[in-house]
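Trainee: Structure file my_file.cif (mmCIF, C-alpha atoms and all ligand atoms) right here:
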data_query
loop_
_atom_site.label_atom_id
_atom_site.label_comp_id
_atom_site.auth_asym_id
_atom_site.auth_seq_id
_atom_site.Cartn_x
_atom_site.Cartn_y
_atom_site.Cartn_z
CA MET A 38 96.29 94.46 73.15
CA ILE A 39 94.38 94.73 76.44
CA ARG A 40 90.69 94.09 75.76
CA VAL A 41 87.81 95.41 77.89
CA LEU A 42 84.16 94.37 77.41
CA PHE A 43 81.29 96.24 79.12
CA VAL A 44 78.11 94.22 79.64
CA CYS A 45 74.53 95.24 80.51
CA LEU A 46 71.09 93.81 79.73
CA GLY A 47 70.04 95.40 76.44
CA ASN A 48 73.38 96.90 75.22
CA ILE A 49 71.66 100.14 74.27
CA CYS A 50 71.81 102.28 77.47
CA ARG A 51 74.53 101.59 80.06
CA SER A 52 77.22 99.43 78.42
CA PRO A 53 77.45 101.42 75.17
CA MET A 54 77.67 104.56 77.34
CA ALA A 55 80.56 102.94 79.23
CA GLU A 56 82.23 101.89 75.97
CA ALA A 57 82.01 105.44 74.55
CA ILE A 58 83.20 107.15 77.75
CA PHE A 59 86.03 104.65 78.28
CA ARG A 60 87.07 104.98 74.60
CA SER A 61 87.23 108.75 74.98
CA LYS A 62 89.32 108.48 78.18
CA VAL A 63 91.70 105.95 76.64
CA GLU A 64 92.12 108.23 73.60
CA SER A 65 92.76 111.26 75.76
CA VAL A 66 95.67 109.55 77.55
CA GLY A 67 97.10 108.20 74.28
CA LEU A 68 96.58 104.51 75.03
CA SER A 69 94.35 103.55 72.07
CA ASP A 70 97.13 101.38 70.62
CA GLN A 71 97.23 99.32 73.84
CA ILE A 72 93.65 99.19 75.13
CA ASP A 73 90.63 98.16 73.05
CA MET A 74 86.99 98.16 74.19
CA ASP A 75 83.58 96.84 73.18
CA SER A 76 80.17 96.30 74.77
CA ALA A 77 77.46 93.64 74.65
CA GLY A 78 74.13 92.73 76.27
CA THR A 79 72.98 89.54 77.94
CA GLY A 80 69.66 89.95 76.06
CA ASP A 81 69.16 89.93 72.27
CA TRP A 82 66.17 92.28 71.81
CA HIS A 83 68.15 95.21 70.42
CA VAL A 84 70.87 93.48 68.38
CA GLY A 85 72.10 95.76 65.56
CA GLU A 86 70.59 98.93 67.05
CA PRO A 87 72.57 102.10 67.88
CA PRO A 88 72.54 103.32 71.50
CA HIS A 89 69.30 104.63 73.07
CA GLU A 90 68.71 108.34 72.52
CA GLY A 91 68.99 108.97 76.28
CA THR A 92 72.58 107.75 76.02
CA THR A 93 73.43 109.54 72.74
CA GLU A 94 71.91 112.85 73.91
CA ILE A 95 73.86 113.00 77.14
CA LEU A 96 77.10 111.93 75.44
CA SER A 97 76.76 114.40 72.57
CA LYS A 98 76.39 117.25 75.13
CA GLN A 99 79.80 116.14 76.47
CA LYS A 100 81.22 115.78 72.92
CA ILE A 101 81.70 112.05 73.41
CA SER A 102 81.23 110.06 70.21
CA THR A 103 79.16 106.88 69.92
CA ASN A 104 80.30 106.30 66.31
CA GLY A 105 80.20 102.70 65.18
CA ILE A 106 78.59 101.39 68.36
CA ARG A 107 75.83 98.81 67.67
CA ALA A 108 74.14 96.38 70.05
CA ARG A 109 75.17 92.74 70.13
CA GLN A 110 74.63 89.83 72.49
CA VAL A 111 77.46 88.58 74.68
CA LYS A 112 78.71 85.08 73.85
CA LYS A 113 80.88 82.56 75.66
CA VAL A 114 83.87 83.17 73.39
CA ASP A 115 83.91 86.82 74.59
CA LEU A 116 85.06 85.51 77.95
CA ASP A 117 88.23 84.17 76.29
CA ARG A 118 88.77 87.17 74.03
CA PHE A 119 88.38 89.91 76.64
CA GLU A 120 90.67 90.11 79.63
CA TYR A 121 88.41 92.48 81.59
CA VAL A 122 84.68 91.81 81.44
CA VAL A 123 82.83 94.55 83.31
CA ALA A 124 79.14 94.13 84.20
CA MET A 125 76.82 96.98 85.11
CA ASP A 126 74.73 95.17 87.72
CA ALA A 127 74.34 92.01 89.77
CA ALA A 128 72.02 90.37 87.23
CA ASN A 129 74.53 90.83 84.39
CA LEU A 130 77.30 89.59 86.68
CA GLY A 131 75.32 86.44 87.54
CA GLU A 132 74.68 85.67 83.85
CA LEU A 133 78.37 86.13 83.03
CA HIS A 134 79.48 83.83 85.85
CA GLU A 135 76.97 81.23 84.71
CA MET A 136 78.26 81.48 81.14
CA ALA A 137 81.90 81.31 82.27
CA GLY A 138 81.56 78.20 84.42
CA MET A 139 84.18 77.25 86.99
CA GLN A 140 87.41 78.69 85.64
CA PRO A 141 86.89 81.92 83.77
CA ALA A 142 89.91 83.10 81.77
CA SER A 143 88.85 86.71 82.10
CA SER A 144 88.40 88.83 85.16
CA ILE A 145 84.65 89.37 85.62
CA SER A 146 83.74 92.36 87.73
CA ARG A 147 81.16 95.11 88.19
CA LEU A 148 81.95 98.67 87.15
CA MET A 149 81.20 100.10 90.60
CA ASP A 150 83.71 97.66 92.19
CA TYR A 151 86.38 100.10 91.02
CA VAL A 152 84.75 103.05 92.83
CA THR A 153 85.71 101.93 96.29
CA ASP A 154 83.90 104.71 98.15
CA SER A 155 80.64 104.39 96.20
CA GLU A 156 77.39 103.70 98.03
CA PHE A 157 76.21 101.78 94.92
CA GLU A 158 77.16 98.32 93.74
CA ASP A 159 75.04 98.44 90.59
CA VAL A 160 74.64 100.99 87.81
CA PRO A 161 70.83 101.30 87.77
CA ASP A 162 68.98 100.56 84.53
CA PRO A 163 67.75 103.85 82.99
CA TYR A 164 65.62 102.11 80.32
CA PHE A 165 62.42 102.33 82.37
CA ASP A 166 63.02 105.36 84.64
CA GLY A 167 64.95 107.56 82.18
CA ASN A 168 67.58 108.60 84.74
CA PHE A 169 70.43 108.88 82.24
CA GLU A 170 72.01 111.78 84.16
CA GLN A 171 72.73 109.67 87.25
CA VAL A 172 73.93 106.79 85.07
CA TYR A 173 76.28 109.15 83.20
CA GLU A 174 77.85 110.36 86.47
CA MET A 175 78.32 106.84 87.79
CA VAL A 176 79.67 105.39 84.54
CA THR A 177 82.10 108.31 84.14
CA GLU A 178 83.54 107.76 87.60
CA GLY A 179 83.62 104.00 87.13
CA CYS A 180 85.48 104.31 83.79
CA GLU A 181 88.02 106.68 85.33
CA LYS A 182 88.74 104.26 88.16
CA LEU A 183 88.75 101.22 85.86
CA LEU A 184 91.33 102.89 83.63
CA GLU A 185 93.50 103.71 86.67
CA HIS A 186 93.19 100.07 87.78
CA ILE A 187 94.22 98.70 84.36
CA ARG A 188 97.14 101.14 84.08
CA GLU A 189 98.38 100.03 87.50
CA ASP A 190 97.84 96.34 86.70
CA LYS A 191 99.76 96.62 83.44
CA GLY A 192 102.28 99.29 84.38
CA ILE A 193 101.25 101.58 81.51
P1 LIG B 201 70.59 98.56 79.21
O1 LIG B 201 69.03 98.96 79.35
O2 LIG B 201 70.71 97.17 79.78
O3 LIG B 201 71.31 99.57 80.02
O4 LIG B 201 70.90 98.63 77.73
C1 LIG B 201 67.99 98.19 78.84
C2 LIG B 201 67.66 98.27 77.51
C3 LIG B 201 66.60 97.54 77.02
C4 LIG B 201 65.87 96.72 77.87
C5 LIG B 201 66.21 96.64 79.20
C6 LIG B 201 67.26 97.36 79.68
N1 LIG B 201 64.76 95.98 77.37
O5 LIG B 201 64.06 95.34 78.18
O6 LIG B 201 64.50 96.01 76.14
#
Would you give me this structure, written as structure tokens?
Ligand code: 4NP

Mentor:
Amino acid sequence: MIRVLFVCLGNICRSPMAEAIFRSKVESVGLSDQIDMDSAGTGDWHVGEPPHEGTTEILSKQKISTNGIRARQVKKVDLDRFEYVVAMDAANLGELHEMAGMQPASSISRLMDYVTDSEFEDVPDPYFDGNFEQVYEMVTEGCEKLLEHIREDKGI
């Protein structure tokens, strides 16, 4: 199984959105038996909570399910369990590199790395400004490109 972990700060806005969108894309191409996904936050404030309503509202309009998604904090063992660890912004990326140390087993990247023509490097945090629409567009494109990248990497 190929395992993908999306990471943001609180694990209630951006990374659960990425998990849900990526899950729906993987399902739609019939690869659910080969690619698994999860999300986690570097912070622990929202552990156990479902996604933020800004995320659930925009996803439900698109008929994308967030069933079963609950916040948890990322831990060091995740970096061994997940082959692709995908951060939303530079702060998350820095925390993951710090946690991983010198020789990470997983590939640690940022979602917008896969969108080569994007003017953005980070998916902005919508928790304070409420801009879930822009985040949805960026995460959708990022997940599309990430899935293409994995399919090419793995020849599937
Ligand atoms: P997220 O957004 O990292 O996209 O889940 C945030 C959620 C909660 C907080 C910050 C960012 N917080 O400070 O509680």

Trainee: Figure out the distance between CA of Glu178 in chain A and CA of Glu156 in chain A, please, to one decimal in Å.

Mentor: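 Separation between CA of Glu156 in chain A and CA of Glu178 in chain A: 12.8 Å.
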
Trainee: Could you produce a table of the residues of chain A lying within 8 Å of ligand LIG 201 (chain B), with the nearest pair of atoms per residue and their separation in Å rounded to one decimal, using all atoms listed in the file, ordered by chain and increasing residue number, as JSON lines?

Mentor:
{"residue": "A:Val44", "atom": "CA", "partner": "B:LIG201", "partner_atom": "O2", "distance": 8.0}
{"residue": "A:Cys45", "atom": "CA", "partner": "B:LIG201", "partner_atom": "O2", "distance": 4.3}
{"residue": "A:Leu46", "atom": "CA", "partner": "B:LIG201", "partner_atom": "O2", "distance": 3.4}
{"residue": "A:Gly47", "atom": "CA", "partner": "B:LIG201", "partner_atom": "O4", "distance": 3.6}
{"residue": "A:Asn48", "atom": "CA", "partner": "B:LIG201", "partner_atom": "O4", "distance": 3.9}
{"residue": "A:Ile49", "atom": "CA", "partner": "B:LIG201", "partner_atom": "O4", "distance": 3.9}
{"residue": "A:Cys50", "atom": "CA", "partner": "B:LIG201", "partner_atom": "O3", "distance": 3.8}
{"residue": "A:Arg51", "atom": "CA", "partner": "B:LIG201", "partner_atom": "O3", "distance": 3.8}
{"residue": "A:Ser52", "atom": "CA", "partner": "B:LIG201", "partner_atom": "O3", "distance": 6.1}
{"residue": "A:Pro53", "atom": "CA", "partner": "B:LIG201", "partner_atom": "O4", "distance": 7.6}
{"residue": "A:Gly78", "atom": "CA", "partner": "B:LIG201", "partner_atom": "O2", "distance": 6.6}
{"residue": "A:Gly80", "atom": "CA", "partner": "B:LIG201", "partner_atom": "N1", "distance": 7.9}
{"residue": "A:Trp82", "atom": "CA", "partner": "B:LIG201", "partner_atom": "O6", "distance": 6.0}
{"residue": "A:His83", "atom": "CA", "partner": "B:LIG201", "partner_atom": "O6", "distance": 6.8}
{"residue": "A:Pro88", "atom": "CA", "partner": "B:LIG201", "partner_atom": "O4", "distance": 8.0}
{"residue": "A:His89", "atom": "CA", "partner": "B:LIG201", "partner_atom": "O4", "distance": 7.8}
{"residue": "A:Met125", "atom": "CA", "partner": "B:LIG201", "partner_atom": "O3", "distance": 7.9}
{"residue": "A:Pro161", "atom": "CA", "partner": "B:LIG201", "partner_atom": "O3", "distance": 8.0}
{"residue": "A:Asp162", "atom": "CA", "partner": "B:LIG201", "partner_atom": "O3", "distance": 5.2}
{"residue": "A:Pro163", "atom": "CA", "partner": "B:LIG201", "partner_atom": "O1", "distance": 6.2}
{"residue": "A:Tyr164", "atom": "CA", "partner": "B:LIG201", "partner_atom": "O1", "distance": 4.7}
{"residue": "A:Phe165", "atom": "CA", "partner": "B:LIG201", "partner_atom": "C6", "distance": 7.4}

Trainee: Once you have the residues from the selection above, write them out as a compact mmCIF listing (two decimals), in the coordinates of the input, restricted to C-alpha atoms.

Mentor:
# COMPACT_ATOMS: atom_id res chain seq x y z
CA VAL A 44 78.11 94.22 79.64
CA CYS A 45 74.53 95.24 80.51
CA LEU A 46 71.09 93.81 79.73
CA GLY A 47 70.04 95.40 76.44
CA ASN A 48 73.38 96.90 75.22
CA ILE A 49 71.66 100.14 74.27
CA CYS A 50 71.81 102.28 77.47
CA ARG A 51 74.53 101.59 80.06
CA SER A 52 77.22 99.43 78.42
CA PRO A 53 77.45 101.42 75.17
CA GLY A 78 74.13 92.73 76.27
CA GLY A 80 69.66 89.95 76.06
CA TRP A 82 66.17 92.28 71.81
CA HIS A 83 68.15 95.21 70.42
CA PRO A 88 72.54 103.32 71.50
CA HIS A 89 69.30 104.63 73.07
CA MET A 125 76.82 96.98 85.11
CA PRO A 161 70.83 101.30 87.77
CA ASP A 162 68.98 100.56 84.53
CA PRO A 163 67.75 103.85 82.99
CA TYR A 164 65.62 102.11 80.32
CA PHE A 165 62.42 102.33 82.37

Trainee: Which one is closest to Ser155 in chain A: A:Gly179, A:Gly105, A:Gly85, A:Gly192? Count all atoms listed in the file.

Mentor: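 When distances to Ser155 in chain A are compared using all atoms listed in the file, the smallest one comes from A:Gly179.
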
Trainee: Rounded to one decimal, what separation in Å do you get between CA of Leu130 in chain A and CA of Glu158 in chain A?

Mentor: 11.2 Å

Trainee: Separation of CA of Val152 in chain A and CA of Lys182 in chain A, in Å?

Mentor: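 The value is 6.3 Å.
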
Trainee: Rank nothing, just name the residue among A:Arg60, A:Arg188, A:Arg147, A:Arg40 nearest to Ile101 in chain A, using only C-alpha atoms.

Mentor: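 The answer is A:Arg60, which sits nearest to Ile101 in chain A.
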
Trainee: Which residue, A:Ala77, A:Leu42, A:Val114, A:Tyr173, has the smallest gap to Gln99 in chain A when you use all atoms listed in the file?

Mentor: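 Closest candidate: A:Tyr173.
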
Trainee: Of the residues A:Glu120, A:Glu64, A:Glu56, A:Glu90, which is the one nearest to Asp190 in chain A, using only C-alpha atoms?

Mentor: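 Closest candidate: A:Glu120.
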
Trainee: Using all atoms listed in the file, can you tell me which of A:Thr177, A:Ser97, A:Gln71, A:Ser143 comes closest to Lys113 in chain A?

Mentor: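 Once distances to Lys113 in chain A are computed over all atoms listed in the file, the minimum belongs to A:Ser143.
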